[in-house]
Structures are given as C-alpha cells and as structure tokens.
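**Student:** The following file, model.txt, comprises compact mmCIF, C-alpha atoms and all ligand atoms:
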# COMPACT_ATOMS: atom_id res chain seq x y z
CA MET A 30 -19.19 -14.53 0.60
CA PRO A 31 -16.69 -16.91 -1.07
CA THR A 32 -13.34 -15.47 -2.11
CA ASP A 33 -12.12 -18.44 -4.25
CA ASN A 34 -13.06 -16.49 -7.40
CA ILE A 35 -10.64 -13.68 -6.53
CA VAL A 36 -7.57 -13.58 -8.75
CA VAL A 37 -4.36 -12.00 -7.46
CA ALA A 38 -1.79 -10.69 -9.97
CA ALA A 39 0.58 -7.83 -10.82
CA MET A 40 -1.16 -4.73 -12.22
CA THR A 41 -0.03 -4.48 -15.83
CA GLY A 42 -1.71 -3.38 -19.05
CA PRO A 43 -3.50 -0.27 -20.20
CA PHE A 44 -5.90 0.08 -17.22
CA VAL A 45 -4.07 2.33 -14.73
CA LEU A 46 -5.12 2.09 -11.08
CA TRP A 47 -4.54 5.80 -10.48
CA ARG A 48 -6.77 6.09 -7.37
CA CYS A 49 -7.52 3.85 -4.39
CA LEU A 50 -10.49 1.77 -3.27
CA HIS A 51 -11.78 4.15 -0.60
CA SER A 52 -15.24 4.39 -2.08
CA GLY A 53 -15.53 0.83 -3.37
CA PRO A 54 -14.13 -1.52 -6.04
CA LEU A 55 -12.78 0.05 -9.25
CA SER A 56 -12.80 -1.16 -12.84
CA ALA A 57 -11.63 0.22 -16.19
CA ASP A 58 -15.21 1.45 -16.65
CA SER A 59 -15.59 3.25 -13.32
CA ILE A 60 -12.14 4.61 -12.49
CA ASP A 61 -12.52 7.76 -14.59
CA ARG A 62 -16.01 8.52 -13.28
CA TRP A 63 -16.47 10.44 -10.07
CA SER A 64 -19.13 12.51 -8.45
CA PRO A 65 -19.03 16.18 -9.54
CA ASP A 66 -19.88 17.02 -5.90
CA SER A 67 -16.72 15.36 -4.60
CA SER A 68 -14.34 17.65 -2.74
CA MET A 69 -11.36 15.66 -4.10
CA PRO A 70 -9.35 17.26 -6.97
CA TRP A 71 -9.78 14.07 -9.06
CA GLN A 72 -8.76 15.51 -12.42
CA GLU A 73 -5.56 16.96 -10.95
CA LEU A 74 -4.74 13.65 -9.25
CA ARG A 75 -5.44 11.72 -12.45
CA ASP A 76 -3.22 14.10 -14.47
CA ARG A 77 -0.35 13.51 -12.04
CA ASN A 78 -0.83 9.78 -11.34
CA VAL A 79 -1.53 8.29 -14.78
CA PRO A 80 1.78 9.36 -16.39
CA LEU A 81 3.70 8.40 -13.26
CA LEU A 82 2.19 4.91 -12.91
CA THR A 83 2.38 4.32 -16.66
CA LYS A 84 6.08 5.13 -16.56
CA LEU A 85 6.65 2.84 -13.57
CA ALA A 86 4.82 0.00 -15.35
CA GLU A 87 6.86 0.56 -18.53
CA MET A 88 10.18 0.71 -16.64
CA TYR A 89 9.63 -2.03 -14.05
CA GLY A 90 6.64 -4.09 -15.23
CA ALA A 91 4.16 -3.15 -12.46
CA TYR A 92 3.48 -0.74 -9.59
CA ALA A 93 0.91 -2.79 -7.66
CA ILE A 94 -0.36 -6.27 -6.98
CA VAL A 95 -4.14 -6.34 -7.19
CA ALA A 96 -6.97 -8.68 -6.24
CA ARG A 97 -9.70 -8.87 -8.90
CA ASP A 98 -13.25 -10.16 -8.66
CA GLY A 99 -14.17 -10.38 -12.35
CA ASP A 100 -13.37 -6.95 -13.78
CA GLN A 101 -13.51 -5.25 -10.37
CA ILE A 102 -10.38 -4.49 -8.38
CA VAL A 103 -11.16 -5.28 -4.74
CA GLY A 104 -7.67 -5.27 -3.21
CA GLN A 105 -4.41 -3.43 -3.83
CA LEU A 106 -0.84 -3.59 -2.65
CA ARG A 107 1.14 -0.62 -3.92
CA PHE A 108 4.91 -0.83 -4.16
CA TYR A 109 7.74 1.19 -5.69
CA PRO A 110 11.48 0.75 -6.25
CA GLU A 111 13.24 2.25 -3.23
CA ALA A 112 15.50 4.12 -5.68
CA ILE A 113 12.41 6.00 -6.94
CA ALA A 114 10.53 6.16 -3.63
CA SER A 115 13.47 7.97 -2.03
CA MET A 116 13.78 10.70 -4.72
CA ALA A 117 13.25 14.20 -3.30
CA GLN A 118 10.14 14.81 -5.45
CA ALA A 119 8.52 11.49 -4.50
CA GLY A 120 7.04 12.83 -1.26
CA GLN A 121 5.32 10.14 0.81
CA TRP A 122 3.66 8.50 -2.19
CA CYS A 123 -0.02 8.76 -1.26
CA LEU A 124 -1.71 8.89 -4.68
CA GLN A 125 -4.77 10.67 -3.29
CA GLN A 126 -2.88 13.56 -1.70
CA ALA A 127 -0.89 16.54 -2.95
CA PHE A 128 2.88 16.84 -2.47
CA PRO A 129 4.54 16.26 0.02
CA ALA A 130 2.08 13.57 1.22
CA GLY A 131 1.83 12.48 -2.42
CA PRO A 132 4.33 12.66 -5.28
CA ALA A 133 5.22 16.02 -6.86
CA PRO A 134 3.56 16.55 -10.28
CA GLN A 135 6.98 16.70 -12.01
CA LEU A 136 8.18 13.33 -10.66
CA ALA A 137 7.19 11.49 -13.84
CA GLU A 138 9.49 13.81 -15.82
CA ARG A 139 12.57 12.65 -13.90
CA ARG A 140 14.84 10.00 -15.38
CA PHE A 141 14.09 6.61 -13.81
CA PRO A 142 17.03 4.18 -13.86
CA ALA A 143 16.53 0.74 -15.42
CA LEU A 144 16.57 -2.15 -12.94
CA ALA A 145 20.06 -3.21 -14.14
CA GLU A 146 21.42 0.26 -13.23
CA ILE A 147 19.97 0.22 -9.70
CA GLU A 148 22.50 -0.84 -7.08
CA ASP A 149 20.06 -1.37 -4.19
CA LYS A 150 17.41 -3.60 -5.80
CA THR A 151 14.85 -3.09 -3.04
CA LEU A 152 11.11 -2.65 -3.51
CA THR A 153 9.22 -0.67 -0.89
CA VAL A 154 5.60 -1.43 -0.06
CA HIS A 155 3.58 1.75 0.33
CA CYS A 156 0.11 0.55 1.29
CA LEU A 157 -2.30 -2.35 1.41
CA MET A 158 -6.05 -2.19 1.10
CA VAL A 159 -8.58 -5.03 0.90
CA GLY A 160 -12.20 -4.06 0.27
CA SER A 161 -13.20 -0.50 0.87
CA PRO A 162 -12.70 1.34 4.17
CA SER A 163 -16.16 2.88 3.66
CA SER A 164 -17.85 -0.52 3.28
CA PRO A 165 -19.65 -1.20 6.56
CA ASP A 166 -19.56 -5.01 6.33
CA LYS A 167 -15.88 -5.29 5.33
CA HIS A 168 -16.79 -8.73 4.04
CA LEU A 169 -13.49 -9.25 2.20
CA ARG A 170 -11.28 -8.66 5.22
CA HIS A 171 -9.48 -11.34 7.22
CA ARG A 172 -9.90 -13.92 4.47
CA GLY A 173 -6.28 -14.12 3.40
CA ILE A 174 -6.47 -11.74 0.41
CA ALA A 175 -3.68 -9.42 1.65
CA THR A 176 -1.58 -12.50 2.42
CA ARG A 177 -2.09 -13.72 -1.14
CA MET A 178 -1.10 -10.29 -2.54
CA VAL A 179 2.16 -10.25 -0.54
CA ARG A 180 3.00 -13.83 -1.60
CA GLU A 181 2.45 -12.78 -5.21
CA LEU A 182 4.65 -9.70 -4.73
CA ILE A 183 7.45 -11.92 -3.34
CA ARG A 184 7.14 -14.32 -6.28
CA TRP A 185 6.89 -11.56 -8.90
CA ALA A 186 9.74 -9.46 -7.44
CA ALA A 187 12.16 -12.41 -7.24
CA GLN A 188 11.33 -13.38 -10.82
CA GLN A 189 11.96 -9.79 -12.03
CA GLY A 190 15.38 -9.62 -10.32
CA TRP A 191 14.64 -7.52 -7.21
CA THR A 192 16.72 -8.70 -4.24
CA SER A 193 14.74 -7.42 -1.27
CA ILE A 194 11.36 -6.03 -0.21
CA GLU A 195 10.73 -3.63 2.65
CA ALA A 196 7.39 -2.74 4.22
CA PRO A 197 6.28 -0.50 7.07
CA ALA A 198 4.42 -2.15 9.96
CA TYR A 199 2.77 -1.19 13.24
CA GLU A 200 1.83 -3.25 16.28
CA ASP A 201 -0.98 -5.74 15.56
CA LEU A 202 -3.83 -3.59 16.83
CA PRO A 203 -7.21 -4.15 15.14
CA ILE A 204 -7.84 -0.40 14.96
CA LEU A 205 -4.66 0.06 12.88
CA TYR A 206 -5.72 -2.72 10.49
CA ASP A 207 -9.05 -0.93 10.15
CA ILE A 208 -7.92 2.61 9.46
CA THR A 209 -4.40 2.50 8.02
CA GLY A 210 -3.05 0.81 4.92
CA VAL A 211 -0.15 -0.51 7.03
CA ALA A 212 -0.56 -4.02 8.47
CA GLY A 213 0.83 -5.21 11.81
CA LYS A 214 4.29 -6.71 12.26
CA ARG A 215 2.88 -10.23 12.89
CA PHE A 216 1.24 -10.10 9.44
CA TRP A 217 4.67 -9.54 7.85
CA GLU A 218 6.51 -12.02 10.10
CA LYS A 219 4.10 -14.79 9.05
CA LEU A 220 5.17 -14.05 5.46
CA GLY A 221 8.89 -14.38 6.24
CA PHE A 222 9.73 -10.70 6.83
CA GLN A 223 11.93 -9.66 9.76
CA ILE A 224 12.34 -6.35 11.59
CA ALA A 225 15.17 -4.36 9.97
CA HIS A 226 14.58 -1.13 11.88
CA THR A 227 12.33 0.19 14.66
CA GLY A 228 11.34 3.85 14.73
CA THR A 229 8.40 5.98 15.83
CA GLU A 230 5.32 6.87 13.77
CA PRO A 231 5.13 10.68 13.93
CA GLY A 232 1.40 10.55 13.15
CA PHE A 233 0.77 8.74 16.46
CA LEU A 234 2.56 11.20 18.72
CA GLN A 235 -0.42 13.48 19.26
CA GLU A 236 -2.58 12.68 22.29
CA GLY A 237 -6.19 12.09 21.34
CA GLU A 238 -8.91 9.54 20.79
CA LEU A 239 -6.90 7.36 18.40
CA LEU A 240 -3.94 7.06 20.75
CA ARG A 241 -6.26 6.28 23.68
CA ALA A 242 -7.99 3.53 21.69
CA MET A 243 -4.62 2.12 20.59
CA ARG A 244 -3.38 2.03 24.19
CA GLU A 245 -6.56 0.26 25.33
CA GLN A 246 -6.14 -2.38 22.63
CA ALA A 247 -2.46 -2.84 23.52
CA ILE A 248 -3.30 -3.33 27.21
CA ALA A 249 -6.03 -5.85 26.29
CA GLN A 250 -3.36 -7.82 24.40
CA GLY A 251 -0.85 -7.63 27.25
CA LEU A 252 1.46 -5.31 25.27
CA ASP A 253 3.44 -2.42 26.72
CA GLN A 254 1.26 0.60 25.85
CA GLU A 255 4.28 2.68 24.83
CA CYS A 256 4.96 0.30 21.92
CA VAL A 257 1.81 1.42 20.08
CA MET A 258 3.76 4.23 18.41
CA ASN A 259 6.35 1.86 16.99
CA LEU A 260 6.90 2.01 13.25
CA TYR A 261 8.81 -1.03 12.04
CA THR A 262 10.60 -1.48 8.75
CA MET A 263 10.07 -5.14 7.84
CA GLN A 264 12.42 -6.72 5.32
CA ILE A 265 12.68 -9.93 3.33
CA ASN A 266 15.72 -11.02 1.35
CA LEU A 267 14.88 -12.59 -2.01
CA THR A 268 18.34 -13.96 -2.90
C1 LIG A 301 -4.33 -4.56 6.32
C2 LIG A 301 -5.33 -5.32 5.45
C3 LIG A 301 -4.94 -5.09 4.00
C4 LIG A 301 -5.25 -6.81 5.80
O1 LIG A 301 -5.98 -7.50 4.77
P1 LIG A 301 -6.68 -8.90 4.98
O2 LIG A 301 -6.90 -9.49 3.63
O3 LIG A 301 -7.86 -8.72 5.84
O4 LIG A 301 -5.52 -9.71 5.74
P2 LIG A 301 -5.33 -11.29 5.85
O5 LIG A 301 -6.67 -11.95 5.88
O6 LIG A 301 -4.37 -11.74 4.80
O7 LIG A 301 -4.67 -11.40 7.30
C5 LIG A 301 -3.47 -12.05 7.58
C6 LIG A 301 -3.07 -11.84 9.04
O8 LIG A 301 -3.02 -10.45 9.35
C7 LIG A 301 -3.48 -10.23 10.71
N1 LIG A 301 -4.73 -9.46 10.68
C8 LIG A 301 -5.51 -9.20 9.60
N2 LIG A 301 -6.53 -8.40 9.95
C9 LIG A 301 -6.38 -8.15 11.27
C10 LIG A 301 -7.11 -7.37 12.21
N3 LIG A 301 -8.21 -6.68 11.84
N4 LIG A 301 -6.67 -7.32 13.48
C11 LIG A 301 -5.56 -7.98 13.87
N5 LIG A 301 -4.82 -8.76 13.02
C12 LIG A 301 -5.23 -8.82 11.75
C13 LIG A 301 -3.73 -11.60 11.30
O9 LIG A 301 -2.48 -12.03 11.87
C14 LIG A 301 -4.07 -12.42 10.03
O10 LIG A 301 -3.80 -13.78 10.21
P3 LIG A 301 -4.99 -14.79 10.69
O11 LIG A 301 -6.02 -14.74 9.59
O12 LIG A 301 -4.27 -16.09 10.81
O13 LIG A 301 -5.53 -14.22 11.98
C15 LIG A 301 -6.82 -4.84 5.71
O14 LIG A 301 -7.09 -4.88 7.09
C16 LIG A 301 -7.09 -3.46 5.15
O15 LIG A 301 -7.49 -3.32 4.01
N6 LIG A 301 -6.84 -2.40 5.96
C17 LIG A 301 -6.75 -1.08 5.38
C18 LIG A 301 -7.89 -0.15 5.78
C19 LIG A 301 -7.79 1.07 4.89
O16 LIG A 301 -7.99 0.93 3.72
N7 LIG A 301 -7.45 2.24 5.44
C20 LIG A 301 -7.25 3.45 4.70
C21 LIG A 301 -5.85 3.48 4.16
S1 LIG A 301 -5.42 4.98 3.33
Spit out the file's structure as structure tokens when you get a sec.

**Tutor:**
Amino acid sequence: MPTDNIVVAAMTGPFVLWRCLHSGPLSADSIDRWSPDSSMPWQELRDRNVPLLTKLAEMYGAYAIVARDGDQIVGQLRFYPEAIASMAQAGQWCLQQAFPAGPAPQLAERRFPALAEIEDKTLTVHCLMVGSPSSPDKHLRHRGIATRMVRELIRWAAQQGWTSIEAPAYEDLPILYDITGVAGKRFWEKLGFQIAHTGTEPGFLQEGELLRAMREQAIAQGLDQECVMNLYTMQINLT
C-alpha cells in the first residue's frame, strides 16, 4: 500500500485527538463514537482529555504530530512541555488510563505557563503509534511514517521557540516496537538524538514471557541480555 498520500503535520484545530489509535484510524466523525459494550470508560476519558488537550493546543499550538490519510488519522506522536509533564497531577500521561498512569482530571484547571515564562524550554515525547496495534497486517509500519513525524516535530518545535526535545527509548528489539509506543534508541539516533541518561524500565523487571522473549531477541542480535531493561532518555538540542 503506498504511503505517499500520507500528510504529516502538527495537530491543531477544533478536532481533538483525545484517544489513541488502538482500534484503528480515527477521524472527526468517528472519534466520539464507541461501542456501548466496550469496557473502557470512554466518556470519563473524553471529559478529562478534551479540556486538557484543548488547553495545551491553545497555550502551545499543538500537543501531537499526526499522520493523516485523507480525513483519517493513522499515526500519532504525542508530546508535552516538560514543565507541564512534570507537574504532580500529570501522572504518566497515558490518555487512555486513569491517574496516576494518566493525567489527573483536575490537571486542566492548573495554570499553564506561557512558553516565554518557561525556563527549561524542553518538549517531552510521550508515545508514538503508527497504524493500529490491533491491525494484523500492520501495513503502515516500517515505511518511514514515524521518522517523518519526528522530523516534523523537530521542525515545528524549533520554529515555535522550544530549545530541546527529549524522548524515552528502549533497545531496538522488534517486540518492543510491536507492543510499546516507545521506539528503540537507534531510531532516535538516526534522527540526531543522543543518550542523555540511562536508567531501568520498571515495567520490565518482572520475570515472565515478555522478558524471556526480549532476552532471546537481544541474544539473536549479539546484545548483552541484561541491557534489555534499559530505559534511555534521548535528547536533541534545537539551538
Ligand atoms: C515505534 C513505531 C511508531 C515505529 O514506526 P514506523 O513508522 O514503523 O517507523 P519507521 O518506519 O520510521 O522506522 C525507522 C527506524 O526505526 C527502526 N524500526 C522501526 N520498526 C522496527 C522494528 N519493528 N524492529 C526494529 N527496528 C525498527 C529501524 O531502525 C527503522 O529504520 P529502517 O527503516 O532503516 O530499518 C511503530 O513500530 C509503532 O507504532 N509501534 C507502537 C505499537 C503500539 O501502538 N503499541 C501500543 C502502545 S500503547
């Protein structure tokens, strides 16, 4: 399937991308429709996310870079000012989870500083998603769409006056590209990011099937199997 028709740009305007692409592409027509049988608390999530994302767009111009195929959003790169992402009520920013994995409902009521007032003008990438994780053919993956979204973020952020971007990264294991919204460190290095900090991903500390599969993939690539738990903070300077 050709991807030349896919347009990559900052998410602005009245259509708010308040949920993610887990069950397929989203458009202004479909985003507010969901199955009544769904176990997800969609109305609650919408009530929290729409005011928050609207406020971020009003204050800073955008909260995501998206890939569009016609009116359908098929890729997303979510980012936030570090000054907001690190507020106590921000939680871990997953828009499809309750606090503390997602933002607290009152976060949108807090005062957000204007860009000129922010000393550390860093944007933090939260997650990347191309196509839908539930789509069995994953036909949009590995065709450079995430790369295009990051290049657009770099261009847009520099133009707006942000001075640096940070992003989390793991080792370049295919399984982590498949199931997490965090790309591997090589992905970021190819885009000019460098490692600013190396830590450990707490979610990978538990022994189990995932960790076994990660270790097998690391060994197949000639990597030290202990490195699979690494959580890197990648950074690019825009000045
Ligand atoms: C991470 C992700 C966004 C990458 O998107 P993409 O458009 O396929 O990435 P690109 O085509 O721009 O890839 C650029 C580089 O990243 C690396 N890469 C991408 N996919 C990879 C994979 N599956 N395995 C290993 N490396 C990979 C390669 O270095 C690639 O460069 P190459 O094409 O020269 O080999 C995509 O895999 C994805 O959507 N994963 C998320 C799954 C998900 O949604 N999980 C639920 C989250 S809550």

**Student:** Could you tell me how far atom CA of A:Met263 lies from atom CA of A:Gln235, in Å and to one decimal?

**Tutor:**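 Computing it gives 24.2 Å between the two atoms.
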
**Student:** With 7 Å as the cut-off and only C-alpha atoms and all ligand atoms counted, what is the closest atom pair between each nearby residue of chain A and ligand LIG 301 (chain A)? Distances in Å to one decimal, ordered by chain and number, as CSV.

**Tutor:**
residue,atom,partner,partner_atom,distance
A:His51,CA,A:LIG301,O16,6.6
A:Leu157,CA,A:LIG301,C3,4.6
A:Met158,CA,A:LIG301,O15,3.4
A:Val159,CA,A:LIG301,O15,3.7
A:Gly160,CA,A:LIG301,O15,6.1
A:Ser161,CA,A:LIG301,O16,6.1
A:Pro162,CA,A:LIG301,O16,4.7
A:Leu169,CA,A:LIG301,O3,6.7
A:Arg170,CA,A:LIG301,O3,3.5
A:His171,CA,A:LIG301,O5,3.2
A:Arg172,CA,A:LIG301,O5,4.0
A:Gly173,CA,A:LIG301,O5,3.3
A:Ile174,CA,A:LIG301,O2,4.0
A:Ala175,CA,A:LIG301,O2,3.8
A:Thr176,CA,A:LIG301,O6,3.7
A:Arg177,CA,A:LIG301,O6,6.7
A:Asp201,CA,A:LIG301,C11,5.4
A:Leu202,CA,A:LIG301,C11,5.6
A:Pro203,CA,A:LIG301,N4,3.6
A:Tyr206,CA,A:LIG301,O14,4.3
A:Asp207,CA,A:LIG301,C18,4.6
A:Ile208,CA,A:LIG301,N7,4.1
A:Thr209,CA,A:LIG301,N7,4.0
A:Gly210,CA,A:LIG301,C21,3.9
A:Val211,CA,A:LIG301,C1,5.9
A:Ala212,CA,A:LIG301,C1,4.4
A:Gly213,CA,A:LIG301,C7,6.7
A:Arg215,CA,A:LIG301,O9,5.7
A:Phe216,CA,A:LIG301,O8,4.3

**Student:** Between atom CA of A:Gln250 and atom CA of A:Lys219, what is the distance in Å, rounded to a tenth?

**Tutor:** 18.4 Å

**Student:** What is the atom CA of A:Ser56-atom CA of A:Gln105 distance in Å, reported with one decimal?

**Tutor:** 12.5 Å

**Student:** When you count all atoms listed in the file, which of these residues is closest to A:Glu236: A:Asn78, A:Met258, A:Leu136, A:Ala39?

**Tutor:**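 The answer is A:Met258, which sits nearest to A:Glu236.
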
**Student:** Quick one: residues within 12 Å of A:Arg97, only C-alpha atoms counted, chain neighbours fewer than 2 positions away excluded, as a PyMOL selection string?

**Tutor:** chain A and resi 32-40+54-57+94-95+99-105+159-160+169+174+177-178

**Student:** Could you list, as a PyMOL selection string, every residue within 12 Å of stretch 88-90 of chain A, counting only C-alpha atoms and ignoring same-chain residues fewer than 2 positions away?

**Tutor:** chain A and resi 38-43+81-86+92-94+108-110+112-113+137+140-147+150+152+185-186+188-191

**Student:** With C-alpha atoms retained, write the just-selected residues as an mmCIF file, in the coordinates of the input.

**Tutor:**
data_model
loop_
_atom_site.group_PDB
_atom_site.id
_atom_site.type_symbol
_atom_site.label_atom_id
_atom_site.label_comp_id
_atom_site.auth_asym_id
_atom_site.auth_seq_id
_atom_site.Cartn_x
_atom_site.Cartn_y
_atom_site.Cartn_z
ATOM 1 C CA ALA A 38 -1.790 -10.690 -9.970
ATOM 2 C CA ALA A 39 0.580 -7.830 -10.820
ATOM 3 C CA MET A 40 -1.160 -4.730 -12.220
ATOM 4 C CA THR A 41 -0.030 -4.480 -15.830
ATOM 5 C CA GLY A 42 -1.710 -3.380 -19.050
ATOM 6 C CA PRO A 43 -3.500 -0.270 -20.200
ATOM 7 C CA LEU A 81 3.700 8.400 -13.260
ATOM 8 C CA LEU A 82 2.190 4.910 -12.910
ATOM 9 C CA THR A 83 2.380 4.320 -16.660
ATOM 10 C CA LYS A 84 6.080 5.130 -16.560
ATOM 11 C CA LEU A 85 6.650 2.840 -13.570
ATOM 12 C CA ALA A 86 4.820 0.000 -15.350
ATOM 13 C CA TYR A 92 3.480 -0.740 -9.590
ATOM 14 C CA ALA A 93 0.910 -2.790 -7.660
ATOM 15 C CA ILE A 94 -0.360 -6.270 -6.980
ATOM 16 C CA PHE A 108 4.910 -0.830 -4.160
ATOM 17 C CA TYR A 109 7.740 1.190 -5.690
ATOM 18 C CA PRO A 110 11.480 0.750 -6.250
ATOM 19 C CA ALA A 112 15.500 4.120 -5.680
ATOM 20 C CA ILE A 113 12.410 6.000 -6.940
ATOM 21 C CA ALA A 137 7.190 11.490 -13.840
ATOM 22 C CA ARG A 140 14.840 10.000 -15.380
ATOM 23 C CA PHE A 141 14.090 6.610 -13.810
ATOM 24 C CA PRO A 142 17.030 4.180 -13.860
ATOM 25 C CA ALA A 143 16.530 0.740 -15.420
ATOM 26 C CA LEU A 144 16.570 -2.150 -12.940
ATOM 27 C CA ALA A 145 20.060 -3.210 -14.140
ATOM 28 C CA GLU A 146 21.420 0.260 -13.230
ATOM 29 C CA ILE A 147 19.970 0.220 -9.700
ATOM 30 C CA LYS A 150 17.410 -3.600 -5.800
ATOM 31 C CA LEU A 152 11.110 -2.650 -3.510
ATOM 32 C CA TRP A 185 6.890 -11.560 -8.900
ATOM 33 C CA ALA A 186 9.740 -9.460 -7.440
ATOM 34 C CA GLN A 188 11.330 -13.380 -10.820
ATOM 35 C CA GLN A 189 11.960 -9.790 -12.030
ATOM 36 C CA GLY A 190 15.380 -9.620 -10.320
ATOM 37 C CA TRP A 191 14.640 -7.520 -7.210
#

**Student:** Which residues come within 7 Å of A:Gln125, counting all atoms listed in the file, excluding same-chain residues fewer than 2 positions away, as a PyMOL selection string?

**Tutor:** chain A and resi 48+74+123+131

**Student:** Residues as selected, C-alpha atoms, written as a PDB file, keeping the file's coordinate frame, can you do that?

**Tutor:**
ATOM      1  CA  ARG A  48      -6.770   6.090  -7.370  1.00  0.00           C
ATOM      2  CA  LEU A  74      -4.740  13.650  -9.250  1.00  0.00           C
ATOM      3  CA  CYS A 123      -0.020   8.760  -1.260  1.00  0.00           C
ATOM      4  CA  GLY A 131       1.830  12.480  -2.420  1.00  0.00           C
TER       5      GLY A 131
END

**Student:** Residues proximal to (5.8, -2.6, 12.4) were defined as those with any atom within 12 Å of that point in the file's coordinates, counting only C-alpha atoms. Which are they, as a PDB file with C-alpha atoms, in the coordinates of the input?

**Tutor:**
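Result went into result.pdb, see below:
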ATOM      1  CA  GLU A 195      10.730  -3.630   2.650  1.00  0.00           C
ATOM      2  CA  ALA A 196       7.390  -2.740   4.220  1.00  0.00           C
ATOM      3  CA  PRO A 197       6.280  -0.500   7.070  1.00  0.00           C
ATOM      4  CA  ALA A 198       4.420  -2.150   9.960  1.00  0.00           C
ATOM      5  CA  TYR A 199       2.770  -1.190  13.240  1.00  0.00           C
ATOM      6  CA  GLU A 200       1.830  -3.250  16.280  1.00  0.00           C
ATOM      7  CA  ASP A 201      -0.980  -5.740  15.560  1.00  0.00           C
ATOM      8  CA  LEU A 202      -3.830  -3.590  16.830  1.00  0.00           C
ATOM      9  CA  LEU A 205      -4.660   0.060  12.880  1.00  0.00           C
ATOM     10  CA  TYR A 206      -5.720  -2.720  10.490  1.00  0.00           C
ATOM     11  CA  VAL A 211      -0.150  -0.510   7.030  1.00  0.00           C
ATOM     12  CA  ALA A 212      -0.560  -4.020   8.470  1.00  0.00           C
ATOM     13  CA  GLY A 213       0.830  -5.210  11.810  1.00  0.00           C
ATOM     14  CA  LYS A 214       4.290  -6.710  12.260  1.00  0.00           C
ATOM     15  CA  ARG A 215       2.880 -10.230  12.890  1.00  0.00           C
ATOM     16  CA  PHE A 216       1.240 -10.100   9.440  1.00  0.00           C
ATOM     17  CA  TRP A 217       4.670  -9.540   7.850  1.00  0.00           C
ATOM     18  CA  GLU A 218       6.510 -12.020  10.100  1.00  0.00           C
ATOM     19  CA  PHE A 222       9.730 -10.700   6.830  1.00  0.00           C
ATOM     20  CA  GLN A 223      11.930  -9.660   9.760  1.00  0.00           C
ATOM     21  CA  ILE A 224      12.340  -6.350  11.590  1.00  0.00           C
ATOM     22  CA  ALA A 225      15.170  -4.360   9.970  1.00  0.00           C
ATOM     23  CA  HIS A 226      14.580  -1.130  11.880  1.00  0.00           C
ATOM     24  CA  THR A 227      12.330   0.190  14.660  1.00  0.00           C
ATOM     25  CA  GLY A 228      11.340   3.850  14.730  1.00  0.00           C
ATOM     26  CA  THR A 229       8.400   5.980  15.830  1.00  0.00           C
ATOM     27  CA  GLU A 230       5.320   6.870  13.770  1.00  0.00           C
ATOM     28  CA  CYS A 256       4.960   0.300  21.920  1.00  0.00           C
ATOM     29  CA  VAL A 257       1.810   1.420  20.080  1.00  0.00           C
ATOM     30  CA  MET A 258       3.760   4.230  18.410  1.00  0.00           C
ATOM     31  CA  ASN A 259       6.350   1.860  16.990  1.00  0.00           C
ATOM     32  CA  LEU A 260       6.900   2.010  13.250  1.00  0.00           C
ATOM     33  CA  TYR A 261       8.810  -1.030  12.040  1.00  0.00           C
ATOM     34  CA  THR A 262      10.600  -1.480   8.750  1.00  0.00           C
ATOM     35  CA  MET A 263      10.070  -5.140   7.840  1.00  0.00           C
ATOM     36  CA  GLN A 264      12.420  -6.720   5.320  1.00  0.00           C
TER      37      GLN A 264
END

**Student:** Check the smallest atom-to-atom distance from each of A:Asp76, A:Asp149, A:Glu255, A:Asp61 to A:Ser115 using all atoms listed in the file, then report the winner.

**Tutor:**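 Using all atoms listed in the file, the shortest distance to A:Ser115 belongs to A:Asp149.
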
**Student:** Counting only C-alpha atoms, which of A:Val45, A:Val179, A:Ile204, A:Met243 gets nearest to A:Leu106?

**Tutor:**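 Closest to A:Leu106, using only C-alpha atoms: A:Val179.
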
**Student:** Would you mind telling me which residue in A:Asp98, A:Leu46, A:Arg184, A:Arg139 lies nearest to A:Leu124 when using only C-alpha atoms?

**Tutor:**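 Comparing A:Asp98, A:Leu46, A:Arg184, A:Arg139 against A:Leu124, the winner is A:Leu46.
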
**Student:** Would you please take stretch 170-181 of chain A of the structure in the block above and write N, CA and C atoms to a file as an mmCIF file, in the first residue's frame?

**Tutor:**
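For reference, part05.cif as written:
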data_model
loop_
_atom_site.group_PDB
_atom_site.id
_atom_site.type_symbol
_atom_site.label_atom_id
_atom_site.label_comp_id
_atom_site.auth_asym_id
_atom_site.auth_seq_id
_atom_site.Cartn_x
_atom_site.Cartn_y
_atom_site.Cartn_z
ATOM 1 N N ARG A 170 3.493 0.089 9.012
ATOM 2 C CA ARG A 170 4.732 0.096 9.792
ATOM 3 C C ARG A 170 5.966 -0.056 8.917
ATOM 4 N N HIS A 171 7.079 0.479 9.432
ATOM 5 C CA HIS A 171 8.394 0.343 8.810
ATOM 6 C C HIS A 171 8.427 0.970 7.419
ATOM 7 N N ARG A 172 7.674 2.040 7.244
ATOM 8 C CA ARG A 172 7.653 2.739 5.960
ATOM 9 C C ARG A 172 8.017 4.205 6.140
ATOM 10 N N GLY A 173 8.666 4.481 7.280
ATOM 11 C CA GLY A 173 9.199 5.832 7.486
ATOM 12 C C GLY A 173 8.200 6.849 8.010
ATOM 13 N N ILE A 174 7.000 6.411 8.420
ATOM 14 C CA ILE A 174 5.998 7.397 8.875
ATOM 15 C C ILE A 174 6.396 7.980 10.242
ATOM 16 N N ALA A 175 6.861 7.141 11.167
ATOM 17 C CA ALA A 175 7.289 7.670 12.478
ATOM 18 C C ALA A 175 8.482 8.605 12.286
ATOM 19 N N THR A 176 9.383 8.248 11.397
ATOM 20 C CA THR A 176 10.538 9.111 11.110
ATOM 21 C C THR A 176 10.052 10.474 10.619
ATOM 22 N N ARG A 177 9.083 10.467 9.732
ATOM 23 C CA ARG A 177 8.550 11.743 9.220
ATOM 24 C C ARG A 177 7.908 12.550 10.351
ATOM 25 N N MET A 178 7.204 11.877 11.276
ATOM 26 C CA MET A 178 6.553 12.607 12.377
ATOM 27 C C MET A 178 7.601 13.251 13.296
ATOM 28 N N VAL A 179 8.703 12.531 13.548
ATOM 29 C CA VAL A 179 9.734 13.123 14.426
ATOM 30 C C VAL A 179 10.405 14.301 13.713
ATOM 31 N N ARG A 180 10.694 14.138 12.418
ATOM 32 C CA ARG A 180 11.308 15.271 11.679
ATOM 33 C C ARG A 180 10.401 16.498 11.730
ATOM 34 N N GLU A 181 9.098 16.270 11.619
ATOM 35 C CA GLU A 181 8.155 17.388 11.665
ATOM 36 C C GLU A 181 8.124 17.997 13.077
#
